[in-house]
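Student: Have a look at this one.
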Amino acid sequence: MAAENPTPDTAKNVIFMLPDGASTSYLANYRYFKEGPDAPVWEPLLKGMVQTDSFNNPITDSAAGANAYATGVKTRNGSVGVDFFGNELTSVTDLASDAGKATGIVSTAAITDASPAAFGASNPLRGNQADIAQQYIGDNQLDVVLGAGRNQFTTESEGGTQPDGTDLFGLAEQQGMTYVSNAQALANFDGERVLGLFNNEDYLDAIGERPAEEPSLAQMTEVALNTLSKDKDGFVLFLEEENTDTFGHGNDAATTMHALSSFEASMQKVLEFQKANPDTLVVMVADHDTGGMTVQPTADASPAVFRDFTESAEEMAEQFDAANATSIRDTVAKYTGLTLSDDEITDLQGSEDVPLALAELLSAKGGVEFTTTGHTAVDVPIFAVGPGAELFTGVQENSAVGQHIAEAMGTSLPLDQQDGGADRFAVTSLFDSALGSIPAVNTVRNLVAQLGDEGLDGLADRLADLWSGLDNTEFLSSVLENTLDSAPEATDLAYWNGILSANGGDRGDVLLRISELPEHQEALLELPVSETEFSPIA
């Protein structure tokens, strides 16, 4: 007898959930923070581990990390929606839109920040948030945009970053988007497209009493699901909890745990939706680890103590007088229930960075320490349920995750974005040796598409034909100068002439080998970031 609700072969909907910076240690500490009989909702969905390095750095940033998930291609730190050379990439959001699906991005960060930007825009520099905001609206692709960072959409005369005369809100409304600016307006929304921006800051509050105008991640999630699911063709939704990363950088374990609690409430709504809609794939994975958090609970110091905290260490430090011991003691007691000793207060007062020192002190009260205020290169766990969930089993590169999301939808990323975009770099390197320039994106795509069964060898042979009328020395001089940006020495020419003689005069083989010289690869990796303009309404 057939099952009553057979699992679909492909995912109609994809919900990608990113607790930024929250590696295994965060999730382990959260279990102690939560206590009780119920495990965190993601634990039964564990599938494997993800390697998080970026294109040229073992330690990724959020831009390159999210870029790998969104496009299946590794890129340089600091870039979103583009490859290492600044060429625009196709994202899973683009694939969904091309298939007639609705799309959305939701974050507790400024919605133009690196992680959501990788799923909704293209820019070689993640800091170009005003341009990214223009892309969100000008491209007219995203149906749901919810988060912080309103100032990236308002004009300079209004205290924002957009040039005066740019009216992104008016354009959004012309395109059928309803603009909402507070939690109540979001709760009242019942349309098909929405732009919600709830403060001018870099992130929504993570701990304590929430400002009345700010919705929770769970509320934004619920509205996003209700809105996007109106599309009969399905949807792709990106959801991010940013505060795990923000306060991980600040070594504030307590606030990261409260942020994970917010994230779990959001994921609970997502899993309820998935249960009712089994044609939905849910993937949860961090982009990297932040802070090198330790897991060292004891009977006297467990993350459970953080449940009583109602302010971040940074906010507490802003409220007390660092020169006044009583002010420090009373403020910390008010927001944590803990009483600092005289020695602890003295140490705080002697610190060059009081907010960081306070965060580290309070984190230790819960048995948590940090090894850095930056990111680390550890692998992160990946969780999944729904059609295609098995694709995420085992240990895989972050770029493979993007490939598998596309595969789960029954589609695929472009040929030049397969295998993490390896052919993009190889073709670019070969092109530069042959012609002395970085190819445009369409050229790269065409060349990759032409690789066929002969691969790079065949392309190298075709490019080598450009010198069919020249002798070997002229050929080698041109290729070596293009590759090394300087005229070759006589010894270099003699060496490569020897290689040509030994391989029977196969110029394609020599061209490919020269393009793969370590000094050429290193030079390519040192190229400055592209200044390509992607904003559609500059």
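Identifiers for the structure tokens are assigned positionally: chains receive A, B, ... in sequence, residues are indexed from 1 per chain, and ligands are indexed from 1 in the order shown.
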Can you list, as a PDB file with all heavy atoms, in the first residue's frame, every protein, DNA or RNA residue that comes within 9 Å of A:Gly388 when you count only C-alpha atoms, leaving out same-chain residues fewer than 3 positions away?

Tutor:
```
ATOM      1  N   ASP A   9       9.708  14.321  -4.620  1.00  0.00           N
ATOM      2  CA  ASP A   9      11.063  14.158  -5.136  1.00  0.00           C
ATOM      3  C   ASP A   9      11.833  15.469  -5.127  1.00  0.00           C
ATOM      4  O   ASP A   9      13.053  15.483  -4.962  1.00  0.00           O
ATOM      5  CB  ASP A   9      11.018  13.594  -6.559  1.00  0.00           C
ATOM      6  CG  ASP A   9      10.478  12.182  -6.601  1.00  0.00           C
ATOM      7  OD1 ASP A   9      10.673  11.446  -5.617  1.00  0.00           O
ATOM      8  OD2 ASP A   9       9.844  11.824  -7.609  1.00  0.00           O
ATOM      9  N   THR A  10      11.153  16.563  -5.362  1.00  0.00           N
ATOM     10  CA  THR A  10      11.810  17.870  -5.390  1.00  0.00           C
ATOM     11  C   THR A  10      11.117  18.826  -4.433  1.00  0.00           C
ATOM     12  O   THR A  10       9.948  18.643  -4.078  1.00  0.00           O
ATOM     13  CB  THR A  10      11.791  18.473  -6.814  1.00  0.00           C
ATOM     14  OG1 THR A  10      10.428  18.605  -7.248  1.00  0.00           O
ATOM     15  CG2 THR A  10      12.550  17.594  -7.790  1.00  0.00           C
ATOM     16  N   ALA A  11      11.847  19.826  -4.044  1.00  0.00           N
ATOM     17  CA  ALA A  11      11.329  20.800  -3.086  1.00  0.00           C
ATOM     18  C   ALA A  11      10.603  21.924  -3.806  1.00  0.00           C
ATOM     19  O   ALA A  11      11.191  22.624  -4.636  1.00  0.00           O
ATOM     20  CB  ALA A  11      12.465  21.365  -2.250  1.00  0.00           C
ATOM     21  N   LEU A 281      11.745  22.001   1.761  1.00  0.00           N
ATOM     22  CA  LEU A 281      13.069  21.675   2.285  1.00  0.00           C
ATOM     23  C   LEU A 281      13.494  22.763   3.256  1.00  0.00           C
ATOM     24  O   LEU A 281      13.459  23.946   2.928  1.00  0.00           O
ATOM     25  CB  LEU A 281      14.090  21.581   1.149  1.00  0.00           C
ATOM     26  CG  LEU A 281      15.565  21.496   1.574  1.00  0.00           C
ATOM     27  CD1 LEU A 281      15.846  20.204   2.333  1.00  0.00           C
ATOM     28  CD2 LEU A 281      16.493  21.639   0.360  1.00  0.00           C
ATOM     29  N   ALA A 384      18.880  19.367   8.218  1.00  0.00           N
ATOM     30  CA  ALA A 384      17.954  19.476   7.093  1.00  0.00           C
ATOM     31  C   ALA A 384      16.800  18.508   7.246  1.00  0.00           C
ATOM     32  O   ALA A 384      16.933  17.444   7.859  1.00  0.00           O
ATOM     33  CB  ALA A 384      18.678  19.217   5.766  1.00  0.00           C
ATOM     34  N   VAL A 385      15.656  18.889   6.656  1.00  0.00           N
ATOM     35  CA  VAL A 385      14.491  18.019   6.604  1.00  0.00           C
ATOM     36  C   VAL A 385      13.692  18.386   5.354  1.00  0.00           C
ATOM     37  O   VAL A 385      13.639  19.552   4.967  1.00  0.00           O
ATOM     38  CB  VAL A 385      13.612  18.164   7.875  1.00  0.00           C
ATOM     39  CG1 VAL A 385      13.058  19.583   8.025  1.00  0.00           C
ATOM     40  CG2 VAL A 385      12.487  17.155   7.886  1.00  0.00           C
ATOM     41  N   LEU A 391      20.940  15.065   0.728  1.00  0.00           N
ATOM     42  CA  LEU A 391      22.076  15.608  -0.018  1.00  0.00           C
ATOM     43  C   LEU A 391      23.110  16.257   0.898  1.00  0.00           C
ATOM     44  O   LEU A 391      24.261  16.448   0.502  1.00  0.00           O
ATOM     45  CB  LEU A 391      21.593  16.650  -1.032  1.00  0.00           C
ATOM     46  CG  LEU A 391      20.676  16.142  -2.153  1.00  0.00           C
ATOM     47  CD1 LEU A 391      20.085  17.314  -2.927  1.00  0.00           C
ATOM     48  CD2 LEU A 391      21.453  15.218  -3.088  1.00  0.00           C
ATOM     49  N   PHE A 392      22.711  16.592   2.100  1.00  0.00           N
ATOM     50  CA  PHE A 392      23.596  17.319   3.001  1.00  0.00           C
ATOM     51  C   PHE A 392      24.296  16.399   4.003  1.00  0.00           C
ATOM     52  O   PHE A 392      24.895  16.866   4.972  1.00  0.00           O
ATOM     53  CB  PHE A 392      22.795  18.405   3.725  1.00  0.00           C
ATOM     54  CG  PHE A 392      22.094  19.333   2.773  1.00  0.00           C
ATOM     55  CD1 PHE A 392      20.762  19.133   2.433  1.00  0.00           C
ATOM     56  CD2 PHE A 392      22.777  20.373   2.175  1.00  0.00           C
ATOM     57  CE1 PHE A 392      20.114  19.966   1.535  1.00  0.00           C
ATOM     58  CE2 PHE A 392      22.141  21.217   1.269  1.00  0.00           C
ATOM     59  CZ  PHE A 392      20.814  21.010   0.946  1.00  0.00           C
ATOM     60  N   HIS A 404      23.594  21.828  -3.722  1.00  0.00           N
ATOM     61  CA  HIS A 404      22.561  20.884  -3.315  1.00  0.00           C
ATOM     62  C   HIS A 404      21.198  21.549  -3.151  1.00  0.00           C
ATOM     63  O   HIS A 404      20.163  20.921  -3.391  1.00  0.00           O
ATOM     64  CB  HIS A 404      22.966  20.199  -2.003  1.00  0.00           C
ATOM     65  CG  HIS A 404      24.166  19.299  -2.147  1.00  0.00           C
ATOM     66  ND1 HIS A 404      24.417  18.601  -3.299  1.00  0.00           N
ATOM     67  CD2 HIS A 404      25.171  19.002  -1.280  1.00  0.00           C
ATOM     68  CE1 HIS A 404      25.532  17.895  -3.135  1.00  0.00           C
ATOM     69  NE2 HIS A 404      26.002  18.124  -1.932  1.00  0.00           N
ATOM     70  N   ILE A 405      21.184  22.812  -2.746  1.00  0.00           N
ATOM     71  CA  ILE A 405      19.904  23.520  -2.656  1.00  0.00           C
ATOM     72  C   ILE A 405      19.265  23.602  -4.038  1.00  0.00           C
ATOM     73  O   ILE A 405      18.066  23.338  -4.212  1.00  0.00           O
ATOM     74  CB  ILE A 405      20.100  24.924  -2.054  1.00  0.00           C
ATOM     75  CG1 ILE A 405      20.509  24.820  -0.582  1.00  0.00           C
ATOM     76  CG2 ILE A 405      18.822  25.750  -2.189  1.00  0.00           C
ATOM     77  CD1 ILE A 405      20.898  26.146   0.035  1.00  0.00           C
ATOM     78  N   GLU A 407      19.870  21.627  -6.549  1.00  0.00           N
ATOM     79  CA  GLU A 407      19.507  20.268  -6.947  1.00  0.00           C
ATOM     80  C   GLU A 407      18.200  19.838  -6.301  1.00  0.00           C
ATOM     81  O   GLU A 407      17.360  19.191  -6.940  1.00  0.00           O
ATOM     82  CB  GLU A 407      20.638  19.317  -6.558  1.00  0.00           C
ATOM     83  CG  GLU A 407      20.443  17.887  -7.003  1.00  0.00           C
ATOM     84  CD  GLU A 407      21.607  16.987  -6.609  1.00  0.00           C
ATOM     85  OE1 GLU A 407      22.662  17.524  -6.199  1.00  0.00           O
ATOM     86  OE2 GLU A 407      21.452  15.756  -6.693  1.00  0.00           O
ATOM     87  N   ALA A 408      18.025  20.192  -5.041  1.00  0.00           N
ATOM     88  CA  ALA A 408      16.800  19.804  -4.334  1.00  0.00           C
ATOM     89  C   ALA A 408      15.569  20.438  -4.966  1.00  0.00           C
ATOM     90  O   ALA A 408      14.473  19.871  -4.914  1.00  0.00           O
ATOM     91  CB  ALA A 408      16.897  20.206  -2.864  1.00  0.00           C
ATOM     92  N   MET A 409      15.742  21.616  -5.592  1.00  0.00           N
ATOM     93  CA  MET A 409      14.619  22.280  -6.267  1.00  0.00           C
ATOM     94  C   MET A 409      14.367  21.702  -7.653  1.00  0.00           C
ATOM     95  O   MET A 409      13.469  22.160  -8.359  1.00  0.00           O
ATOM     96  CB  MET A 409      14.892  23.784  -6.384  1.00  0.00           C
ATOM     97  CG  MET A 409      14.835  24.540  -5.075  1.00  0.00           C
ATOM     98  SD  MET A 409      14.738  26.344  -5.334  1.00  0.00           S
ATOM     99  CE  MET A 409      16.341  26.681  -6.071  1.00  0.00           C
TER     100      MET A 409
END
```

Student: Run DSSP on the backbone and tell me which residues of stretch 391-497 of chain A come out as strand (DSSP E); list them as a list in words.

Tutor: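 Those residues are Gly394, Val395, Gln396 and Glu397 of chain A.
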
Student: Which of these residues is nearest to A:Ala218, using only C-alpha atoms: A:Ser262, A:Ser122, A:Thr443, A:Gln450?

Tutor: A:Ser262

Student: What's around A:Val145 at 7 Å? Count only C-alpha atoms, leave out sequence neighbours fewer than 2 positions away in its own chain, and write the answer as JSON, numbers by chain.

Tutor: {"A": [104, 105, 106, 142, 143, 147, 194, 195, 196]}

Student: Which of these, A:Arg126, A:Lys275, A:Lys12, A:Arg31, has the shortest distance to A:Ser261 once you count only C-alpha atoms?

Tutor: A:Arg31

Student: From stretch 69-208 of chain A, collect each residue whose DSSP state is helix (DSSP H, G or I) and return the set as a ChimeraX atom specification.

Tutor: /A:69-71,92-98,114-120,129-138,150-152,156-158,168-174,183-188

Student: For stretch 463-480 of chain A, find every residue with an atom within 10 Å (counting only C-alpha atoms), except residues of its own chain fewer than 6 positions away, and show them as a ChimeraX atom specification.

Tutor: /A:430-436,457,486-490,492-494,496-497,500-501,505-512,514-515,520

Student: Please, could you write that set of residues out with N, CA and C atoms as a PDB file, in the first residue's frame?

Tutor:
```pdb
ATOM      1  N   LEU A 430      43.787  31.024 -17.472  1.00  0.00           N
ATOM      2  CA  LEU A 430      44.233  30.680 -18.816  1.00  0.00           C
ATOM      3  C   LEU A 430      44.033  31.857 -19.779  1.00  0.00           C
ATOM      4  N   PHE A 431      42.892  32.514 -19.669  1.00  0.00           N
ATOM      5  CA  PHE A 431      42.577  33.666 -20.513  1.00  0.00           C
ATOM      6  C   PHE A 431      43.589  34.785 -20.280  1.00  0.00           C
ATOM      7  N   ASP A 432      43.934  35.030 -19.029  1.00  0.00           N
ATOM      8  CA  ASP A 432      44.875  36.094 -18.699  1.00  0.00           C
ATOM      9  C   ASP A 432      46.253  35.800 -19.286  1.00  0.00           C
ATOM     10  N   SER A 433      46.684  34.530 -19.236  1.00  0.00           N
ATOM     11  CA  SER A 433      47.975  34.177 -19.822  1.00  0.00           C
ATOM     12  C   SER A 433      47.960  34.346 -21.340  1.00  0.00           C
ATOM     13  N   ALA A 434      46.823  34.046 -21.947  1.00  0.00           N
ATOM     14  CA  ALA A 434      46.735  34.127 -23.399  1.00  0.00           C
ATOM     15  C   ALA A 434      46.579  35.561 -23.896  1.00  0.00           C
ATOM     16  N   LEU A 435      45.773  36.357 -23.191  1.00  0.00           N
ATOM     17  CA  LEU A 435      45.407  37.678 -23.710  1.00  0.00           C
ATOM     18  C   LEU A 435      45.786  38.837 -22.788  1.00  0.00           C
ATOM     19  N   GLY A 436      46.282  38.519 -21.604  1.00  0.00           N
ATOM     20  CA  GLY A 436      46.747  39.581 -20.717  1.00  0.00           C
ATOM     21  C   GLY A 436      45.660  40.408 -20.092  1.00  0.00           C
ATOM     22  N   ASP A 457      42.464  21.514 -21.498  1.00  0.00           N
ATOM     23  CA  ASP A 457      43.439  21.206 -22.556  1.00  0.00           C
ATOM     24  C   ASP A 457      42.928  21.678 -23.912  1.00  0.00           C
ATOM     25  N   SER A 486      55.700  41.124 -17.074  1.00  0.00           N
ATOM     26  CA  SER A 486      57.026  41.681 -17.361  1.00  0.00           C
ATOM     27  C   SER A 486      57.665  40.839 -18.456  1.00  0.00           C
ATOM     28  N   ALA A 487      58.574  41.461 -19.194  1.00  0.00           N
ATOM     29  CA  ALA A 487      59.248  40.729 -20.271  1.00  0.00           C
ATOM     30  C   ALA A 487      60.064  39.587 -19.680  1.00  0.00           C
ATOM     31  N   PRO A 488      60.016  38.421 -20.296  1.00  0.00           N
ATOM     32  CA  PRO A 488      60.724  37.260 -19.753  1.00  0.00           C
ATOM     33  C   PRO A 488      62.233  37.368 -19.922  1.00  0.00           C
ATOM     34  N   GLU A 489      62.957  36.759 -18.989  1.00  0.00           N
ATOM     35  CA  GLU A 489      64.402  36.664 -19.096  1.00  0.00           C
ATOM     36  C   GLU A 489      64.764  35.610 -20.142  1.00  0.00           C
ATOM     37  N   ALA A 490      65.987  35.723 -20.677  1.00  0.00           N
ATOM     38  CA  ALA A 490      66.449  34.761 -21.675  1.00  0.00           C
ATOM     39  C   ALA A 490      66.445  33.347 -21.115  1.00  0.00           C
ATOM     40  N   ASP A 492      64.349  32.129 -18.961  1.00  0.00           N
ATOM     41  CA  ASP A 492      62.970  31.635 -18.958  1.00  0.00           C
ATOM     42  C   ASP A 492      62.566  31.161 -20.349  1.00  0.00           C
ATOM     43  N   LEU A 493      62.929  31.945 -21.356  1.00  0.00           N
ATOM     44  CA  LEU A 493      62.605  31.552 -22.734  1.00  0.00           C
ATOM     45  C   LEU A 493      63.289  30.240 -23.090  1.00  0.00           C
ATOM     46  N   ALA A 494      64.531  30.101 -22.672  1.00  0.00           N
ATOM     47  CA  ALA A 494      65.258  28.870 -22.971  1.00  0.00           C
ATOM     48  C   ALA A 494      64.608  27.674 -22.270  1.00  0.00           C
ATOM     49  N   TRP A 496      61.416  27.278 -21.315  1.00  0.00           N
ATOM     50  CA  TRP A 496      60.125  26.887 -21.895  1.00  0.00           C
ATOM     51  C   TRP A 496      60.264  26.412 -23.336  1.00  0.00           C
ATOM     52  N   ASN A 497      61.284  26.878 -24.037  1.00  0.00           N
ATOM     53  CA  ASN A 497      61.561  26.309 -25.349  1.00  0.00           C
ATOM     54  C   ASN A 497      61.948  24.848 -25.212  1.00  0.00           C
ATOM     55  N   LEU A 500      58.797  22.911 -24.752  1.00  0.00           N
ATOM     56  CA  LEU A 500      58.119  22.755 -26.038  1.00  0.00           C
ATOM     57  C   LEU A 500      58.764  21.652 -26.874  1.00  0.00           C
ATOM     58  N   SER A 501      60.063  21.623 -26.892  1.00  0.00           N
ATOM     59  CA  SER A 501      60.751  20.593 -27.662  1.00  0.00           C
ATOM     60  C   SER A 501      60.460  19.207 -27.090  1.00  0.00           C
ATOM     61  N   GLY A 505      56.232  20.105 -29.318  1.00  0.00           N
ATOM     62  CA  GLY A 505      55.733  21.371 -29.832  1.00  0.00           C
ATOM     63  C   GLY A 505      54.283  21.656 -29.498  1.00  0.00           C
ATOM     64  N   ASP A 506      53.777  21.056 -28.423  1.00  0.00           N
ATOM     65  CA  ASP A 506      52.376  21.236 -28.019  1.00  0.00           C
ATOM     66  C   ASP A 506      52.244  22.574 -27.281  1.00  0.00           C
ATOM     67  N   ARG A 507      51.893  23.620 -28.023  1.00  0.00           N
ATOM     68  CA  ARG A 507      51.798  24.957 -27.430  1.00  0.00           C
ATOM     69  C   ARG A 507      50.653  25.058 -26.422  1.00  0.00           C
ATOM     70  N   GLY A 508      49.563  24.345 -26.692  1.00  0.00           N
ATOM     71  CA  GLY A 508      48.452  24.381 -25.751  1.00  0.00           C
ATOM     72  C   GLY A 508      48.862  23.874 -24.388  1.00  0.00           C
ATOM     73  N   ASP A 509      49.631  22.800 -24.348  1.00  0.00           N
ATOM     74  CA  ASP A 509      50.111  22.248 -23.085  1.00  0.00           C
ATOM     75  C   ASP A 509      50.987  23.256 -22.358  1.00  0.00           C
ATOM     76  N   VAL A 510      51.862  23.911 -23.083  1.00  0.00           N
ATOM     77  CA  VAL A 510      52.750  24.895 -22.458  1.00  0.00           C
ATOM     78  C   VAL A 510      51.960  26.107 -21.967  1.00  0.00           C
ATOM     79  N   LEU A 511      51.011  26.576 -22.768  1.00  0.00           N
ATOM     80  CA  LEU A 511      50.180  27.710 -22.346  1.00  0.00           C
ATOM     81  C   LEU A 511      49.449  27.392 -21.047  1.00  0.00           C
ATOM     82  N   LEU A 512      48.885  26.206 -20.960  1.00  0.00           N
ATOM     83  CA  LEU A 512      48.165  25.819 -19.745  1.00  0.00           C
ATOM     84  C   LEU A 512      49.110  25.732 -18.563  1.00  0.00           C
ATOM     85  N   ILE A 514      51.951  27.299 -18.122  1.00  0.00           N
ATOM     86  CA  ILE A 514      52.378  28.645 -17.716  1.00  0.00           C
ATOM     87  C   ILE A 514      51.270  29.348 -16.933  1.00  0.00           C
ATOM     88  N   SER A 515      50.022  29.159 -17.369  1.00  0.00           N
ATOM     89  CA  SER A 515      48.904  29.817 -16.666  1.00  0.00           C
ATOM     90  C   SER A 515      48.753  29.312 -15.240  1.00  0.00           C
ATOM     91  N   HIS A 520      51.787  33.124 -10.952  1.00  0.00           N
ATOM     92  CA  HIS A 520      50.634  33.690 -11.651  1.00  0.00           C
ATOM     93  C   HIS A 520      49.393  33.575 -10.789  1.00  0.00           C
TER      94      HIS A 520
END
```

Student: Could you check how far atom CA of A:Pro8 sits from atom CA of A:Gly72, in Å to one decimal?

Tutor: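 Taking atom CA of A:Pro8 and atom CA of A:Gly72, their separation equals 23.5 Å.
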
Student: Tell me, as a list in words, which residues lie within 10 Å of A:Ala118, counting only C-alpha atoms; anything in the same chain fewer than 5 positions away does not count.

Tutor: Ser62, Ala63, Ala64, Gly65, Ala66, Asn67, Ala68, Tyr69, Ala70, Thr71, Ser79, Val80, Gly81, Val82, Leu89, Ser91, Thr93, Thr112, Asp113, Asn123, Arg126 and Ile132 of chain A

Student: Give me the residues within 10 Å of A:Leu95 as a PyMOL selection string, counting only C-alpha atoms and dropping any in the same chain fewer than 2 places off.

Tutor: chain A and resi 71+90-93+97-101+236+406+409+411-414

Student: Mind writing the picked residues with N, CA, C and O atoms as a CSV table (one decimal), in the first residue's frame?

Tutor:
```csv
chain,number,residue,atom,x,y,z
A,71,THR,N,25.2,30.8,-3.9
A,71,THR,CA,25.6,30.6,-5.3
A,71,THR,C,26.3,29.4,-5.7
A,71,THR,O,26.6,29.1,-6.8
A,90,THR,N,24.8,33.7,-10.4
A,90,THR,CA,23.4,33.4,-10.3
A,90,THR,C,23.3,32.7,-8.9
A,90,THR,O,24.0,31.8,-8.5
A,91,SER,N,22.2,33.1,-8.2
A,91,SER,CA,22.0,32.6,-6.9
A,91,SER,C,20.8,31.7,-6.9
A,91,SER,O,20.0,31.6,-7.9
A,92,VAL,N,20.6,30.9,-5.9
A,92,VAL,CA,19.4,30.0,-5.8
A,92,VAL,C,18.2,30.9,-5.7
A,92,VAL,O,17.1,30.5,-6.2
A,93,THR,N,18.3,32.1,-5.2
A,93,THR,CA,17.1,33.1,-5.3
A,93,THR,C,16.8,33.4,-6.7
A,93,THR,O,15.6,33.5,-7.1
A,97,SER,N,13.3,32.6,-8.7
A,97,SER,CA,12.5,33.7,-9.4
A,97,SER,C,12.3,33.3,-10.9
A,97,SER,O,11.2,33.5,-11.4
A,98,ASP,N,13.3,32.8,-11.5
A,98,ASP,CA,13.2,32.4,-12.9
A,98,ASP,C,12.2,31.3,-13.1
A,98,ASP,O,11.6,31.1,-14.1
A,99,ALA,N,12.0,30.5,-12.0
A,99,ALA,CA,11.0,29.4,-12.1
A,99,ALA,C,9.6,29.9,-11.7
A,99,ALA,O,8.7,29.0,-11.5
A,100,GLY,N,9.4,31.2,-11.4
A,100,GLY,CA,8.1,31.7,-11.1
A,100,GLY,C,7.8,31.6,-9.6
A,100,GLY,O,6.7,31.9,-9.2
A,101,LYS,N,8.8,31.3,-8.8
A,101,LYS,CA,8.6,31.2,-7.3
A,101,LYS,C,8.8,32.6,-6.7
A,101,LYS,O,9.4,33.5,-7.2
A,236,VAL,N,11.4,30.5,-2.2
A,236,VAL,CA,12.7,30.4,-1.5
A,236,VAL,C,12.8,31.5,-0.5
A,236,VAL,O,12.6,32.7,-0.8
A,406,ALA,N,20.1,24.0,-5.0
A,406,ALA,CA,19.6,24.0,-6.4
A,406,ALA,C,19.1,22.7,-6.9
A,406,ALA,O,18.0,22.5,-7.5
A,409,MET,N,15.7,21.6,-5.6
A,409,MET,CA,14.6,22.3,-6.3
A,409,MET,C,14.4,21.7,-7.7
A,409,MET,O,13.5,22.2,-8.4
A,411,THR,N,16.6,21.8,-10.1
A,411,THR,CA,17.3,22.7,-11.1
A,411,THR,C,18.8,22.6,-10.8
A,411,THR,O,19.2,21.7,-10.0
A,412,SER,N,19.6,23.4,-11.4
A,412,SER,CA,21.0,23.4,-11.2
A,412,SER,C,21.5,24.8,-11.5
A,412,SER,O,21.0,25.6,-12.3
A,413,LEU,N,22.6,25.1,-10.8
A,413,LEU,CA,23.3,26.4,-11.1
A,413,LEU,C,24.1,26.3,-12.4
A,413,LEU,O,24.3,25.2,-12.9
A,414,PRO,N,24.4,27.4,-13.0
A,414,PRO,CA,25.1,27.4,-14.3
A,414,PRO,C,26.4,26.6,-14.3
A,414,PRO,O,27.0,26.4,-13.2
```

Student: Using atom CA of A:Gly420 and atom CA of A:Glu240 as the two end points, give the distance in Å to one decimal.

Tutor: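 Going from atom CA of A:Gly420 over to atom CA of A:Glu240 covers 22.8 Å.
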
Student: Pick from A:Val305, A:Val395, A:Ala183, A:Ala259: nearest to A:Gly48, with only C-alpha atoms counted?

Tutor: A:Val395

Student: Atom CA of A:Ala276 and atom CA of A:Pro44 are how many Å apart?

Tutor: 17.8 Å

Student: If we count only C-alpha atoms, what is near A:Gln219 at a cut-off of 9 Å, once residues fewer than 4 positions away on the same chain are taken out, given as number ranges by chain?

Tutor: A: 183, 186-187, 215, 223-224, 266
